[in-house]
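structure-v1.txt (compact mmCIF, C-alpha atoms) appears below.
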```txt
# COMPACT_ATOMS: atom_id res chain seq x y z
CA MET A 1 0.00 0.00 0.00
CA SER A 2 1.44 3.36 -0.96
CA ILE A 3 0.62 6.78 0.41
CA ALA A 4 0.03 9.48 -2.14
CA GLY A 5 2.15 12.54 -1.74
CA THR A 6 1.84 16.05 -3.07
CA GLN A 7 4.68 17.41 -5.15
CA VAL A 8 5.87 20.65 -3.65
CA LYS A 9 8.65 21.31 -6.14
CA GLN A 10 10.73 19.38 -8.58
CA GLY A 11 11.71 16.10 -6.86
CA VAL A 12 10.22 17.05 -3.45
CA TYR A 13 7.00 15.49 -2.13
CA GLU A 14 5.03 15.99 1.05
CA PHE A 15 3.14 13.14 2.70
CA PRO A 16 0.32 13.36 5.24
CA LEU A 17 2.46 11.72 7.96
CA SER A 18 5.23 14.16 7.37
CA ASP A 19 2.82 17.05 7.68
CA ARG A 20 1.54 15.67 10.96
CA ARG A 21 5.01 15.23 12.48
CA ARG A 22 6.07 18.63 11.25
CA ASP A 23 3.19 20.20 13.12
CA MET A 24 4.03 18.30 16.38
CA THR A 25 5.92 19.74 19.29
CA ALA A 26 9.00 17.93 20.63
CA TRP A 27 6.97 16.59 23.57
CA GLN A 28 4.21 15.25 21.30
CA SER A 29 6.80 13.62 19.04
CA ALA A 30 8.43 11.95 22.02
CA LYS A 31 5.08 10.61 23.29
CA ARG A 32 4.26 9.34 19.80
CA PHE A 33 7.59 7.50 19.71
CA PHE A 34 6.82 5.63 22.91
CA TYR A 35 3.26 4.86 21.86
CA ASN A 36 1.66 5.44 18.46
CA PRO A 37 -2.17 5.33 18.82
CA ASP A 38 -2.62 5.05 15.05
CA THR A 39 -0.53 1.90 14.56
CA LYS A 40 -0.66 0.63 18.18
CA GLU A 41 3.15 0.45 18.14
CA VAL A 42 5.46 0.90 21.15
CA MET A 43 8.79 2.49 20.28
CA GLU A 44 8.01 1.80 16.62
CA ARG A 45 7.61 -1.95 17.16
CA PRO A 46 4.35 -3.93 17.34
CA LEU A 47 3.38 -5.28 20.75
CA LYS A 48 3.57 -8.82 19.41
CA LEU A 49 7.26 -8.43 18.59
CA TRP A 50 7.91 -6.96 22.01
CA GLY A 51 6.24 -10.03 23.53
CA TYR A 52 8.48 -12.36 21.53
CA SER A 53 11.58 -10.43 22.63
CA LEU A 54 10.48 -10.46 26.27
CA VAL A 55 9.95 -14.22 26.25
CA PHE A 56 13.29 -14.82 24.49
CA TYR A 57 15.37 -12.73 26.88
CA LEU A 58 13.51 -14.09 29.89
CA LEU A 59 14.40 -17.64 28.87
CA PHE A 60 17.94 -16.65 27.84
CA TYR A 61 18.85 -14.97 31.12
CA SER A 62 17.06 -17.66 33.14
CA VAL A 63 19.34 -20.27 31.57
CA LEU A 64 22.41 -18.08 32.22
CA ALA A 65 21.38 -17.58 35.85
CA ALA A 66 20.83 -21.32 36.30
CA MET A 67 24.26 -22.13 34.81
CA PHE A 68 25.92 -19.53 37.04
CA ALA A 69 24.14 -20.90 40.13
CA ILE A 70 25.24 -24.45 39.29
CA CYS A 71 28.88 -23.35 38.82
CA MET A 72 28.89 -21.40 42.10
CA ARG A 73 27.31 -24.31 43.94
CA MET A 74 30.02 -26.65 42.66
CA LEU A 75 32.70 -24.14 43.68
CA TYR A 76 31.31 -23.72 47.20
CA TRP A 77 30.88 -27.47 47.48
CA ARG A 78 34.62 -27.83 46.97
CA LEU A 79 35.38 -25.05 49.44
CA GLU A 80 32.93 -26.11 52.13
CA GLY A 81 34.15 -27.71 55.33
CA LYS A 82 37.59 -27.61 56.91
CA ALA A 83 39.22 -30.19 54.64
CA PRO A 84 40.36 -29.47 51.09
CA VAL A 85 39.17 -31.71 48.26
CA TYR A 86 42.70 -32.65 47.22
CA VAL A 87 45.28 -33.39 49.91
CA LEU A 88 48.88 -34.56 50.11
CA GLU A 89 50.09 -36.10 46.82
CA GLU A 90 46.90 -35.06 45.01
CA SER A 91 47.26 -31.39 45.95
CA LEU A 92 49.35 -28.71 44.26
CA ILE A 93 51.22 -28.14 47.53
CA GLY A 94 52.46 -31.73 47.63
CA VAL A 95 53.99 -33.45 50.66
CA ASN A 96 57.30 -31.63 51.09
CA PRO A 97 56.76 -28.66 53.43
CA GLY A 98 58.85 -25.52 53.26
CA LEU A 99 59.99 -23.18 55.98
CA GLY A 100 59.10 -19.56 56.59
CA PHE A 101 60.63 -16.92 58.81
CA ARG A 102 59.79 -13.62 60.46
CA PRO A 103 60.44 -10.73 60.64
CA MET A 104 60.52 -9.72 57.01
CA SER A 105 61.08 -6.25 55.68
CA TYR A 106 58.09 -4.14 54.66
CA ASP A 107 60.17 -3.10 51.65
CA VAL A 108 59.79 -5.78 49.00
CA ASP A 109 63.04 -4.70 47.36
CA GLU A 110 64.98 -5.73 50.48
CA GLY A 111 63.71 -9.31 50.14
CA SER A 112 65.02 -11.53 52.95
CA LEU A 113 67.49 -8.97 54.33
CA ILE A 114 67.28 -8.01 58.02
CA TRP A 115 69.27 -4.79 58.30
CA TYR A 116 69.27 -2.47 61.28
CA GLU A 117 71.40 -0.34 63.60
CA ALA A 118 71.49 -1.74 67.13
CA LYS A 119 72.05 1.65 68.79
CA ASN A 120 69.26 3.35 66.85
CA GLU A 121 65.96 3.04 68.73
CA SER A 122 63.77 3.67 65.69
CA SER A 123 65.70 1.11 63.68
CA VAL A 124 65.23 -1.49 66.42
CA ALA A 125 61.56 -0.53 66.85
CA HIS A 126 60.95 -1.16 63.14
CA TRP A 127 61.81 -4.86 63.49
CA VAL A 128 60.21 -5.23 66.91
CA LYS A 129 56.94 -3.95 65.45
CA ALA A 130 57.15 -6.44 62.58
CA ILE A 131 57.51 -9.33 65.04
CA ASP A 132 54.72 -7.98 67.25
CA GLU A 133 52.37 -7.99 64.27
CA PHE A 134 53.36 -11.53 63.36
CA LEU A 135 52.75 -12.80 66.90
CA LEU A 136 49.31 -11.20 67.29
CA ASP A 137 47.60 -14.54 66.62
CA TYR A 138 49.62 -16.06 69.46
CA GLU A 139 48.47 -13.53 72.05
CA PRO A 140 46.18 -15.00 74.74
CA ASN A 141 43.76 -12.01 74.78
CA GLN A 142 41.79 -13.14 71.74
CA ASN A 143 38.34 -14.57 71.10
CA LYS A 144 37.46 -16.60 74.20
CA SER A 145 36.06 -19.56 72.27
CA ILE A 146 39.31 -19.82 70.31
CA VAL A 147 41.55 -19.46 73.36
CA LEU A 148 39.56 -22.07 75.31
CA ASN A 149 40.11 -24.48 72.42
CA ARG A 150 43.88 -24.36 73.00
CA LYS A 151 45.35 -26.66 75.62
CA PRO A 152 48.84 -27.08 77.10
CA CYS A 153 50.44 -30.14 75.53
CA SER A 154 53.29 -32.55 76.15
CA TYR A 155 54.68 -35.58 74.35
CA ASP A 156 52.37 -37.82 76.37
CA THR A 157 49.28 -35.67 75.79
CA ILE A 158 46.37 -37.05 73.80
CA ILE A 159 44.43 -34.09 72.46
CA PRO A 160 40.66 -34.58 72.07
CA GLU A 161 39.34 -34.14 68.57
CA GLY A 162 38.64 -30.50 67.77
CA GLN A 163 41.11 -29.12 70.31
CA VAL A 164 44.64 -27.87 69.58
CA CYS A 165 47.94 -27.37 71.38
CA ASP A 166 48.77 -23.93 72.67
CA VAL A 167 51.94 -21.94 71.88
CA LYS A 168 53.04 -19.81 74.84
CA LEU A 169 55.04 -16.69 74.04
CA SER A 170 56.71 -16.85 77.45
CA ASP A 171 58.48 -20.06 76.37
CA PHE A 172 60.67 -18.07 73.98
CA LYS A 173 62.73 -16.78 76.95
CA ASN A 174 65.28 -14.29 75.55
CA CYS A 175 63.17 -13.85 72.40
CA THR A 176 60.24 -12.01 73.97
CA ARG A 177 58.75 -8.54 73.62
CA GLU A 178 60.19 -7.52 76.99
CA ASN A 179 63.69 -8.12 75.60
CA ASN A 180 62.92 -6.43 72.25
CA TYR A 181 63.49 -9.88 70.75
CA GLY A 182 67.22 -9.34 71.25
CA TYR A 183 67.54 -6.63 68.60
CA ALA A 184 68.67 -3.88 70.98
CA ASN A 185 71.47 -6.16 72.25
CA SER A 186 72.80 -7.05 68.78
CA SER A 187 71.49 -10.60 69.32
CA PRO A 188 68.40 -10.68 67.08
CA CYS A 189 65.80 -13.45 67.18
CA ILE A 190 64.34 -14.96 64.02
CA PHE A 191 61.09 -16.92 64.25
CA ILE A 192 60.98 -20.07 62.12
CA LYS A 193 57.78 -21.88 61.17
CA LEU A 194 56.93 -24.89 59.04
CA ASN A 195 54.40 -24.34 56.28
CA ARG A 196 51.10 -26.12 56.85
CA ILE A 197 50.11 -29.16 54.79
CA PHE A 198 46.73 -30.67 55.59
CA SER A 199 46.92 -34.19 57.10
CA TRP A 200 50.70 -34.39 56.62
CA VAL A 201 52.37 -36.56 59.29
CA PRO A 202 56.12 -36.14 59.90
CA ASP A 203 58.44 -39.13 59.97
CA PHE A 204 60.77 -38.17 62.82
CA TYR A 205 64.48 -38.74 63.39
CA THR A 206 65.00 -40.23 66.85
CA SER A 207 67.97 -41.47 68.86
CA GLU A 208 67.50 -44.96 67.44
CA ASP A 209 67.95 -43.86 63.83
CA VAL A 210 71.04 -43.63 61.68
CA LEU A 211 71.24 -39.88 61.15
CA PRO A 212 72.13 -38.27 57.81
CA LYS A 213 75.81 -37.50 57.21
CA GLU A 214 75.04 -33.90 56.30
CA MET A 215 73.23 -33.24 59.58
CA PRO A 216 75.23 -30.84 61.82
CA GLU A 217 77.22 -32.57 64.56
CA GLN A 218 75.62 -30.37 67.21
CA LEU A 219 72.16 -31.59 66.20
CA LYS A 220 73.29 -35.23 66.02
CA ALA A 221 74.62 -34.99 69.56
CA LEU A 222 71.35 -33.43 70.76
CA ILE A 223 69.21 -36.18 69.20
CA LYS A 224 71.43 -38.93 70.64
CA SER A 225 71.76 -37.34 74.09
CA PRO A 226 70.03 -39.03 77.06
CA SER A 227 68.39 -35.71 77.97
CA ASN A 228 66.46 -35.84 74.71
CA ASN A 229 64.89 -39.10 75.91
CA GLY A 230 63.74 -40.15 72.45
CA THR A 231 61.32 -37.26 71.97
CA LYS A 232 59.88 -36.84 68.51
CA ASN A 233 60.45 -33.47 66.87
CA ILE A 234 60.91 -31.96 63.46
CA TRP A 235 64.41 -30.72 64.16
CA ILE A 236 65.77 -27.33 63.10
CA SER A 237 69.38 -26.37 62.46
CA CYS A 238 70.80 -23.00 61.40
CA GLU A 239 74.30 -22.13 60.26
CA GLY A 240 76.22 -19.72 58.09
CA GLU A 241 75.70 -20.54 54.45
CA TYR A 242 79.40 -20.21 53.55
CA GLU A 243 82.65 -20.44 55.50
CA PHE A 244 82.91 -16.66 55.51
CA ASP A 245 79.48 -16.43 57.17
CA LYS A 246 80.32 -19.09 59.76
CA GLU A 247 83.41 -17.13 60.82
CA HIS A 248 81.30 -14.06 61.60
CA ILE A 249 78.57 -15.83 63.58
CA ARG A 250 81.11 -16.50 66.36
CA THR A 251 78.91 -18.58 68.71
CA ASP A 252 76.29 -21.30 68.42
CA PHE A 253 72.71 -20.37 67.74
CA ALA A 254 70.23 -20.48 70.62
CA TYR A 255 66.85 -22.14 70.01
CA TYR A 256 63.69 -21.49 72.02
CA PRO A 257 61.73 -23.25 73.43
CA ILE A 258 63.53 -26.27 71.87
CA GLN A 259 65.46 -26.92 68.69
CA GLY A 260 62.48 -28.15 66.72
CA PHE A 261 58.73 -28.50 66.33
CA PRO A 262 57.22 -31.06 68.76
CA SER A 263 55.27 -34.00 67.38
CA TYR A 264 52.06 -33.12 69.25
CA TYR A 265 51.33 -30.23 66.87
CA TYR A 266 50.86 -32.66 63.98
CA PRO A 267 49.00 -33.47 61.84
CA PHE A 268 47.38 -30.17 60.92
CA VAL A 269 43.65 -30.76 60.28
CA ASN A 270 42.40 -27.16 60.31
CA SER A 271 40.90 -27.31 63.80
CA PRO A 272 39.65 -23.93 65.09
CA GLY A 273 42.33 -21.95 66.89
CA TYR A 274 45.26 -23.99 65.55
CA LEU A 275 48.65 -22.26 65.86
CA SER A 276 51.69 -23.25 63.86
CA PRO A 277 54.53 -24.10 66.27
CA LEU A 278 57.47 -21.71 66.22
CA VAL A 279 61.17 -21.92 66.92
CA ALA A 280 62.86 -18.68 67.94
CA VAL A 281 66.46 -18.74 66.71
CA GLN A 282 68.73 -16.24 68.44
CA ILE A 283 71.99 -15.19 66.78
CA ASN A 284 74.20 -14.16 69.66
CA ARG A 285 76.22 -11.03 68.88
CA PRO A 286 77.47 -11.77 65.36
CA SER A 287 80.00 -9.51 63.67
CA THR A 288 78.70 -6.05 62.86
CA ASN A 289 78.97 -4.17 59.56
CA VAL A 290 79.19 -7.50 57.74
CA LEU A 291 76.49 -9.11 55.60
CA ILE A 292 75.96 -12.64 56.93
CA ASN A 293 74.06 -15.30 54.97
CA ILE A 294 72.21 -17.78 57.17
CA GLU A 295 70.42 -20.96 56.21
CA CYS A 296 67.99 -22.84 58.46
CA ARG A 297 66.90 -26.35 57.63
CA ALA A 298 64.13 -28.69 58.83
CA TRP A 299 64.99 -32.32 59.56
CA ALA A 300 62.54 -35.22 59.18
CA LYS A 301 62.73 -38.37 57.10
CA ASN A 302 59.96 -37.14 54.80
CA ILE A 303 61.24 -33.57 54.43
CA HIS A 304 63.46 -33.44 51.37
CA TYR A 305 66.05 -30.71 51.14
CA HIS A 306 66.56 -28.65 47.99
CA GLY A 307 68.76 -25.60 48.06
CA GLY A 308 69.25 -22.90 45.47
CA LYS A 309 66.46 -21.03 43.74
CA ASP A 310 63.79 -23.72 44.18
CA ARG A 311 64.38 -24.02 47.91
CA GLU A 312 62.48 -26.71 49.83
CA GLY A 313 62.79 -27.83 53.42
CA SER A 314 64.86 -24.77 54.30
CA ILE A 315 64.97 -20.99 54.35
CA ARG A 316 67.72 -18.48 53.76
CA PHE A 317 68.02 -14.90 54.98
CA GLU A 318 70.67 -12.23 55.31
CA LEU A 319 71.60 -10.31 58.46
CA LEU A 320 73.41 -6.98 58.60
CA ILE A 321 73.85 -5.14 61.92
CA ASP A 322 75.43 -1.69 61.82
```

Translate the structure described by the file into structure tokens.
Amino acid sequence: MSIAGTQVKQGVYEFPLSDRRRDMTAWQSAKRFFYNPDTKEVMERPLKLWGYSLVFYLLFYSVLAAMFAICMRMLYWRLEGKAPVYVLEESLIGVNPGLGFRPMSYDVDEGSLIWYEAKNESSVAHWVKAIDEFLLDYEPNQNKSIVLNRKPCSYDTIIPEGQVCDVKLSDFKNCTRENNYGYANSSPCIFIKLNRIFSWVPDFYTSEDVLPKEMPEQLKALIKSPSNNGTKNIWISCEGEYEFDKEHIRTDFAYYPIQGFPSYYYPFVNSPGYLSPLVAVQINRPSTNVLINIECRAWAKNIHYHGGKDREGSIRFELLID
């Protein structure tokens, strides 16, 4: 069907609809766009087409929402509970735990360097604050339900399911807040921890075992000594990485509360309030104005040592006291 137009001039025609729109105000034109009473169209589309579009997009987004809900449910299903879906050999973490240490510099560029001036109060306070922040989780004035879940333990203790062994800050002796963790006395303390692996059970070295040749003689003597009484620990040893470093350490390291992580903290099963055991390693008055490289290593039959860039079972840090 065509609409007859009137020729106004050569090549120019006027149509009735055009006349009507030309006579409309902007407001009337806008209202006509949203609803045309002549054609019953909404925004220049028939209502029937709008109905089809509404049904299509309703179904389309309903399917998308259902797919998203299914994916999120599967994700939360894997994250629910205190146990991961994949553990030990099946997990990305594996079964060879690494070591960590604190304090660490706030400056990423400094990496594992601990550098301070013993006679400078602000320099000492910088590292004391870093350790304070790290030990906040070990403070007793926390959530009561969490604190009550922690119990004093010993090698003969059988911990009920759901409870965990406590870590007392007072057991670190010279490496406490009251002593500024030894930093003001040029005998800084470094806190060593073993990275958590769910359900991992250590295989301990005891006095009855043939100890590795590369194990330090001091640690061998400690494990074999009668005072050790066959206790089961993941042992820790620290020493200068190179001969030059060993010359500048001067004395043996001091370890608090003992030279290792006791067996009663393992396995880790994500019980509420669990605290990773710590060993405070004190370096007693090493040489000043010298950069000293120190390596600490964990000892258990199922902790495999790898040095270098891909370090496992050990940590390395640098110490410089001005």

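Using all atoms listed in the file for every distance, the candidate list A:Glu295, A:Ile223, A:Glu90, A:Glu121 yields A:Ile223 as the residue closest to Phe204 (chain A).
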
Item to check | One-decimal distance in Å that lies between CA of Cys165 (chain A) and CA of Lys151 (chain A) | outcome: 5.0 Å

Next on the checklist: So that I can see what lies close to Asn284 (chain A), please list as a list in words the residues with an atom at most 9 Å from it, counting all atoms listed in the file and leaving out residues fewer than 3 positions away in the same chain.
Outcome noted: Gly182, Asn185, Ser186, Ser187, Pro188, Cys189, Ile249, Arg250, Thr251, Asp252, Phe253 and Ala254 of chain A

Take the residues that were just selected and, keeping C-alpha atoms, output them as a compact mmCIF listing (two decimals), in the coordinates of the input.
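Written out: selection_17.txt:
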```txt
# COMPACT_ATOMS: atom_id res chain seq x y z
CA GLY A 182 67.22 -9.34 71.25
CA ASN A 185 71.47 -6.16 72.25
CA SER A 186 72.80 -7.05 68.78
CA SER A 187 71.49 -10.60 69.32
CA PRO A 188 68.40 -10.68 67.08
CA CYS A 189 65.80 -13.45 67.18
CA ILE A 249 78.57 -15.83 63.58
CA ARG A 250 81.11 -16.50 66.36
CA THR A 251 78.91 -18.58 68.71
CA ASP A 252 76.29 -21.30 68.42
CA PHE A 253 72.71 -20.37 67.74
CA ALA A 254 70.23 -20.48 70.62
```

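The list of residues with at least one atom within 7 Å of Tyr305 (chain A), based on all atoms listed in the file and without residues fewer than 3 positions apart in the same chain, reads Glu312, Gly313 and Ser314 of chain A.
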
Checklist outcome for this item: CA of Glu217 (chain A) sits from CA of Gly98 (chain A) at a separation of 22.7 Å

Put region 299-321 of chain A into a file with N, CA, C and O atoms, as a PDB file, in the first residue's frame.
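Output file decode_37.pdb is given in full below:
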```
ATOM      1  N   TRP A 299      64.517 -30.936  59.648  1.00  0.00           N
ATOM      2  CA  TRP A 299      64.988 -32.320  59.559  1.00  0.00           C
ATOM      3  C   TRP A 299      63.872 -33.289  59.949  1.00  0.00           C
ATOM      4  O   TRP A 299      63.404 -33.309  61.080  1.00  0.00           O
ATOM      5  N   ALA A 300      63.442 -34.077  58.976  1.00  0.00           N
ATOM      6  CA  ALA A 300      62.545 -35.217  59.178  1.00  0.00           C
ATOM      7  C   ALA A 300      62.781 -36.149  57.997  1.00  0.00           C
ATOM      8  O   ALA A 300      63.260 -35.715  56.938  1.00  0.00           O
ATOM      9  N   LYS A 301      62.452 -37.410  58.166  1.00  0.00           N
ATOM     10  CA  LYS A 301      62.731 -38.371  57.100  1.00  0.00           C
ATOM     11  C   LYS A 301      61.942 -38.080  55.830  1.00  0.00           C
ATOM     12  O   LYS A 301      62.377 -38.427  54.728  1.00  0.00           O
ATOM     13  N   ASN A 302      60.776 -37.448  55.985  1.00  0.00           N
ATOM     14  CA  ASN A 302      59.963 -37.144  54.799  1.00  0.00           C
ATOM     15  C   ASN A 302      59.960 -35.647  54.475  1.00  0.00           C
ATOM     16  O   ASN A 302      59.036 -35.149  53.855  1.00  0.00           O
ATOM     17  N   ILE A 303      61.005 -34.938  54.901  1.00  0.00           N
ATOM     18  CA  ILE A 303      61.243 -33.567  54.431  1.00  0.00           C
ATOM     19  C   ILE A 303      62.500 -33.603  53.583  1.00  0.00           C
ATOM     20  O   ILE A 303      63.594 -33.886  54.081  1.00  0.00           O
ATOM     21  N   HIS A 304      62.352 -33.349  52.315  1.00  0.00           N
ATOM     22  CA  HIS A 304      63.465 -33.444  51.375  1.00  0.00           C
ATOM     23  C   HIS A 304      64.051 -32.061  51.133  1.00  0.00           C
ATOM     24  O   HIS A 304      63.322 -31.100  50.865  1.00  0.00           O
ATOM     25  N   TYR A 305      65.343 -31.988  51.235  1.00  0.00           N
ATOM     26  CA  TYR A 305      66.046 -30.710  51.136  1.00  0.00           C
ATOM     27  C   TYR A 305      66.418 -30.403  49.692  1.00  0.00           C
ATOM     28  O   TYR A 305      66.968 -31.250  48.981  1.00  0.00           O
ATOM     29  N   HIS A 306      66.103 -29.173  49.271  1.00  0.00           N
ATOM     30  CA  HIS A 306      66.561 -28.649  47.987  1.00  0.00           C
ATOM     31  C   HIS A 306      67.013 -27.219  48.224  1.00  0.00           C
ATOM     32  O   HIS A 306      66.238 -26.387  48.681  1.00  0.00           O
ATOM     33  N   GLY A 307      68.251 -26.954  47.922  1.00  0.00           N
ATOM     34  CA  GLY A 307      68.757 -25.597  48.059  1.00  0.00           C
ATOM     35  C   GLY A 307      68.593 -24.821  46.762  1.00  0.00           C
ATOM     36  O   GLY A 307      67.857 -25.227  45.856  1.00  0.00           O
ATOM     37  N   GLY A 308      69.282 -23.703  46.688  1.00  0.00           N
ATOM     38  CA  GLY A 308      69.254 -22.903  45.469  1.00  0.00           C
ATOM     39  C   GLY A 308      67.967 -22.142  45.304  1.00  0.00           C
ATOM     40  O   GLY A 308      67.265 -21.814  46.266  1.00  0.00           O
ATOM     41  N   LYS A 309      67.620 -21.865  44.040  1.00  0.00           N
ATOM     42  CA  LYS A 309      66.460 -21.031  43.740  1.00  0.00           C
ATOM     43  C   LYS A 309      65.160 -21.702  44.148  1.00  0.00           C
ATOM     44  O   LYS A 309      64.276 -21.079  44.737  1.00  0.00           O
ATOM     45  N   ASP A 310      65.004 -22.979  43.825  1.00  0.00           N
ATOM     46  CA  ASP A 310      63.790 -23.723  44.181  1.00  0.00           C
ATOM     47  C   ASP A 310      63.973 -24.376  45.551  1.00  0.00           C
ATOM     48  O   ASP A 310      64.019 -25.596  45.681  1.00  0.00           O
ATOM     49  N   ARG A 311      64.047 -23.555  46.559  1.00  0.00           N
ATOM     50  CA  ARG A 311      64.383 -24.019  47.906  1.00  0.00           C
ATOM     51  C   ARG A 311      63.202 -24.755  48.539  1.00  0.00           C
ATOM     52  O   ARG A 311      62.080 -24.281  48.524  1.00  0.00           O
ATOM     53  N   GLU A 312      63.485 -25.938  49.106  1.00  0.00           N
ATOM     54  CA  GLU A 312      62.478 -26.708  49.833  1.00  0.00           C
ATOM     55  C   GLU A 312      63.106 -27.246  51.107  1.00  0.00           C
ATOM     56  O   GLU A 312      64.278 -27.613  51.137  1.00  0.00           O
ATOM     57  N   GLY A 313      62.300 -27.293  52.156  1.00  0.00           N
ATOM     58  CA  GLY A 313      62.787 -27.827  53.420  1.00  0.00           C
ATOM     59  C   GLY A 313      63.766 -26.921  54.134  1.00  0.00           C
ATOM     60  O   GLY A 313      64.391 -27.333  55.126  1.00  0.00           O
ATOM     61  N   SER A 314      63.911 -25.688  53.677  1.00  0.00           N
ATOM     62  CA  SER A 314      64.861 -24.773  54.303  1.00  0.00           C
ATOM     63  C   SER A 314      64.492 -23.337  53.954  1.00  0.00           C
ATOM     64  O   SER A 314      63.686 -23.086  53.064  1.00  0.00           O
ATOM     65  N   ILE A 315      65.105 -22.415  54.666  1.00  0.00           N
ATOM     66  CA  ILE A 315      64.966 -20.994  54.347  1.00  0.00           C
ATOM     67  C   ILE A 315      66.344 -20.340  54.445  1.00  0.00           C
ATOM     68  O   ILE A 315      67.239 -20.850  55.128  1.00  0.00           O
ATOM     69  N   ARG A 316      66.466 -19.226  53.761  1.00  0.00           N
ATOM     70  CA  ARG A 316      67.724 -18.481  53.763  1.00  0.00           C
ATOM     71  C   ARG A 316      67.410 -17.007  53.957  1.00  0.00           C
ATOM     72  O   ARG A 316      66.462 -16.487  53.377  1.00  0.00           O
ATOM     73  N   PHE A 317      68.182 -16.340  54.802  1.00  0.00           N
ATOM     74  CA  PHE A 317      68.015 -14.904  54.984  1.00  0.00           C
ATOM     75  C   PHE A 317      69.386 -14.278  55.220  1.00  0.00           C
ATOM     76  O   PHE A 317      70.382 -14.982  55.482  1.00  0.00           O
ATOM     77  N   GLU A 318      69.427 -12.962  55.115  1.00  0.00           N
ATOM     78  CA  GLU A 318      70.674 -12.228  55.307  1.00  0.00           C
ATOM     79  C   GLU A 318      70.525 -11.311  56.527  1.00  0.00           C
ATOM     80  O   GLU A 318      69.458 -10.733  56.738  1.00  0.00           O
ATOM     81  N   LEU A 319      71.601 -11.159  57.265  1.00  0.00           N
ATOM     82  CA  LEU A 319      71.599 -10.314  58.457  1.00  0.00           C
ATOM     83  C   LEU A 319      72.743  -9.308  58.359  1.00  0.00           C
ATOM     84  O   LEU A 319      73.892  -9.682  58.088  1.00  0.00           O
ATOM     85  N   LEU A 320      72.408  -8.047  58.588  1.00  0.00           N
ATOM     86  CA  LEU A 320      73.405  -6.981  58.602  1.00  0.00           C
ATOM     87  C   LEU A 320      73.099  -6.043  59.767  1.00  0.00           C
ATOM     88  O   LEU A 320      72.061  -5.380  59.785  1.00  0.00           O
ATOM     89  N   ILE A 321      74.009  -6.009  60.746  1.00  0.00           N
ATOM     90  CA  ILE A 321      73.847  -5.140  61.918  1.00  0.00           C
ATOM     91  C   ILE A 321      74.916  -4.052  61.851  1.00  0.00           C
ATOM     92  O   ILE A 321      76.118  -4.351  61.801  1.00  0.00           O
TER      93      ILE A 321
END
```
